[in-house]
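S.K.: Submitted below is the structure of interest, expressed as structure tokens.
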Amino acid sequence: MRTMSSPWARFYSNSCCLCCHVRTGTIILGVWYLIINSVVLLILLSALTDPDQYHLPSAELGSEFEFMDDANMCIATAISLLMILICAMATYGAYKQRAAWIIPFFCYQIFDFALNTLVAISVLVYPNTIQDYLRQLPANFPYKEDIMAVNPTCLVVIILLFISIILAFKGYLISCVWNCYRYINGRNNSDVLVYITTNDTAVLLPPYDDPASAAGKDPPPPYVSA
């Protein structure tokens, strides 16, 4: 008998990082993102309470606007709070084996991966934008002159290589979270089947709709694919 399987099944695995289960890896990843966003939130809140500490005058930036005004700080704070909520949901969902709680974090990973992909495409299509961006940096920016002295083609190759490594790593993390979702979802479905079996619930195959119609009749032959 030949069984049909999804072409994506070959990428499914219960282990990640070659040492731990995908559920454990998702919990670690959620806690890590939770810590990072909590630190960012603390920095933003301290900047809101003491703006002079994180204020950079426009003269140092070589532009006519401030580094971060109150509106941008409030938006960044709201985004950090949202990220903390999403990471907490993913950690709780992986720990309590609730697959639906992992979906927001998985969607965030896809969105982040798409943004990084667009950055790589923009660098590849418009390589001159790198030099324009470097010229707009402040004069006292660390290693600005050394970076601008690098050959433009080599600089583009280095940046694309760096972005490719980041994309590969992010793609692997996405696969780990997705495998965790599939594992928890499949485990919950198997628990439902076990519950039905232990409660002596009869499951009839078509064309029979009830036990009375199935009495005295031979069951249909099983389908076997060549």
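Following the order of the structure tokens, chains are lettered A, B, ..., residues in each are numbered from 1, and ligands are numbered from 1.
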Would you kindly return, as a ChimeraX atom specification, each protein, DNA or RNA residue with an atom no farther than 8 Å from any atom of range 127-135 of chain A, considering only C-alpha atoms and excluding same-chain residues fewer than 4 positions away?
M.R.: /A:122-123,144,148,152,156
S.K.: Can you tell me, as JSON, numbers by chain, what residues are no more than 12 Å from Asn37 in chain A when counting only C-alpha atoms, ignoring any on the same chain fewer than 2 positions away?
M.R.: {"A": [30, 31, 32, 33, 34, 35, 39, 40, 41, 42, 43, 44, 76, 77, 78, 79, 80, 81, 82, 83, 84, 85, 86, 87, 88]}
S.K.: Save the residues we just selected, N, CA, C and O atoms, as a short mmCIF file (atom, residue, chain, number, x, y, z; two decimals), in the first residue's frame?
M.R.:
data_model
loop_
_atom_site.label_atom_id
_atom_site.label_comp_id
_atom_site.auth_asym_id
_atom_site.auth_seq_id
_atom_site.Cartn_x
_atom_site.Cartn_y
_atom_site.Cartn_z
N GLY A 30 11.06 32.15 22.55
CA GLY A 30 10.09 33.11 23.06
C GLY A 30 10.62 33.87 24.27
O GLY A 30 10.42 35.09 24.38
N VAL A 31 11.30 33.17 25.19
CA VAL A 31 11.87 33.83 26.36
C VAL A 31 12.97 34.81 25.94
O VAL A 31 13.09 35.91 26.50
N TRP A 32 13.78 34.42 24.96
CA TRP A 32 14.87 35.29 24.49
C TRP A 32 14.31 36.58 23.89
O TRP A 32 14.77 37.69 24.22
N TYR A 33 13.31 36.46 23.02
CA TYR A 33 12.68 37.65 22.45
C TYR A 33 11.99 38.47 23.54
O TYR A 33 11.95 39.71 23.47
N LEU A 34 11.44 37.78 24.53
CA LEU A 34 10.76 38.48 25.63
C LEU A 34 11.75 39.32 26.43
O LEU A 34 11.47 40.47 26.80
N ILE A 35 12.94 38.77 26.68
CA ILE A 35 13.97 39.51 27.42
C ILE A 35 14.45 40.72 26.62
O ILE A 35 14.59 41.83 27.15
N VAL A 39 14.00 44.67 27.72
CA VAL A 39 15.11 45.61 27.88
C VAL A 39 14.88 46.86 27.03
O VAL A 39 15.10 48.00 27.48
N VAL A 40 14.42 46.66 25.80
CA VAL A 40 14.12 47.81 24.93
C VAL A 40 13.02 48.68 25.54
O VAL A 40 13.09 49.91 25.52
N LEU A 41 12.01 48.03 26.12
CA LEU A 41 10.92 48.78 26.74
C LEU A 41 11.43 49.60 27.93
O LEU A 41 11.03 50.76 28.11
N LEU A 42 12.31 49.02 28.74
CA LEU A 42 12.87 49.75 29.87
C LEU A 42 13.68 50.96 29.40
O LEU A 42 13.62 52.04 30.01
N ILE A 43 14.44 50.80 28.32
CA ILE A 43 15.22 51.93 27.79
C ILE A 43 14.30 53.03 27.28
O ILE A 43 14.52 54.23 27.53
N LEU A 44 13.23 52.63 26.60
CA LEU A 44 12.29 53.62 26.07
C LEU A 44 11.56 54.35 27.20
O LEU A 44 11.37 55.57 27.14
N ALA A 76 7.32 53.57 19.46
CA ALA A 76 8.27 52.49 19.77
C ALA A 76 7.89 51.76 21.05
O ALA A 76 8.02 50.54 21.14
N THR A 77 7.38 52.50 22.04
CA THR A 77 6.93 51.87 23.28
C THR A 77 5.74 50.95 23.04
O THR A 77 5.67 49.84 23.58
N ALA A 78 4.80 51.41 22.20
CA ALA A 78 3.63 50.57 21.89
C ALA A 78 4.04 49.31 21.14
O ALA A 78 3.52 48.22 21.41
N ILE A 79 5.00 49.44 20.22
CA ILE A 79 5.47 48.26 19.48
C ILE A 79 6.16 47.29 20.42
O ILE A 79 6.00 46.06 20.32
N SER A 80 6.94 47.80 21.36
CA SER A 80 7.62 46.93 22.33
C SER A 80 6.61 46.19 23.21
O SER A 80 6.78 45.00 23.49
N LEU A 81 5.57 46.88 23.64
CA LEU A 81 4.52 46.23 24.43
C LEU A 81 3.83 45.13 23.63
O LEU A 81 3.54 44.04 24.15
N LEU A 82 3.56 45.42 22.35
CA LEU A 82 2.92 44.41 21.50
C LEU A 82 3.83 43.21 21.32
O LEU A 82 3.37 42.05 21.35
N MET A 83 5.13 43.44 21.12
CA MET A 83 6.07 42.34 20.95
C MET A 83 6.19 41.51 22.23
O MET A 83 6.30 40.28 22.17
N ILE A 84 6.16 42.16 23.38
CA ILE A 84 6.20 41.42 24.64
C ILE A 84 4.98 40.52 24.77
O ILE A 84 5.07 39.36 25.19
N LEU A 85 3.81 41.04 24.38
CA LEU A 85 2.59 40.24 24.43
C LEU A 85 2.67 39.04 23.48
O LEU A 85 2.31 37.91 23.84
N ILE A 86 3.17 39.27 22.26
CA ILE A 86 3.26 38.18 21.27
C ILE A 86 4.25 37.12 21.74
O ILE A 86 3.98 35.91 21.63
N CYS A 87 5.39 37.54 22.27
CA CYS A 87 6.40 36.58 22.75
C CYS A 87 5.89 35.81 23.96
O CYS A 87 6.14 34.60 24.09
N ALA A 88 5.17 36.48 24.84
CA ALA A 88 4.60 35.79 26.00
C ALA A 88 3.55 34.77 25.57
O ALA A 88 3.47 33.67 26.14
#
S.K.: Residues within 12 Å of Arg98 in chain A, please, as an MDAnalysis selection string. Count only C-alpha atoms; anything in the same chain fewer than 2 positions from it doesn't count.
M.R.: chainID A and resid 23 89:96 100:103 180:189
S.K.: Keeping only C-alpha atoms, write those residues as an mmCIF file, in the first residue's frame.
M.R.:
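The new file out-v2.cif reads:
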data_model
loop_
_atom_site.group_PDB
_atom_site.id
_atom_site.type_symbol
_atom_site.label_atom_id
_atom_site.label_comp_id
_atom_site.auth_asym_id
_atom_site.auth_seq_id
_atom_site.Cartn_x
_atom_site.Cartn_y
_atom_site.Cartn_z
ATOM 1 C CA ARG A 23 8.797 22.687 21.788
ATOM 2 C CA MET A 89 1.759 34.155 24.046
ATOM 3 C CA ALA A 90 4.226 31.998 22.089
ATOM 4 C CA THR A 91 6.046 30.926 25.250
ATOM 5 C CA TYR A 92 2.800 30.123 27.041
ATOM 6 C CA GLY A 93 1.406 28.292 24.003
ATOM 7 C CA ALA A 94 4.491 26.112 23.639
ATOM 8 C CA TYR A 95 4.607 25.375 27.384
ATOM 9 C CA LYS A 96 0.889 24.580 27.724
ATOM 10 C CA ALA A 100 -3.241 28.726 18.462
ATOM 11 C CA TRP A 101 -1.174 30.871 20.840
ATOM 12 C CA ILE A 102 1.935 30.352 18.688
ATOM 13 C CA ILE A 103 0.386 31.730 15.476
ATOM 14 C CA CYS A 180 6.472 23.118 17.072
ATOM 15 C CA TYR A 181 3.020 24.248 15.934
ATOM 16 C CA ARG A 182 2.583 21.071 13.871
ATOM 17 C CA TYR A 183 3.781 18.900 16.741
ATOM 18 C CA ILE A 184 1.381 20.440 19.268
ATOM 19 C CA ASN A 185 -1.498 20.433 16.789
ATOM 20 C CA GLY A 186 -0.893 16.777 15.897
ATOM 21 C CA ARG A 187 -0.534 15.810 19.548
ATOM 22 C CA ASN A 188 -3.842 17.486 20.431
ATOM 23 C CA ASN A 189 -5.565 15.734 17.538
#
S.K.: Give the answer as one residue: which of A:Gln97, A:Thr49, A:Asn72, A:Gln109 has the shortest atom-to-atom distance to Ile27 in chain A, using only C-alpha atoms?
M.R.: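 The closest residue to Ile27 in chain A is A:Gln97.
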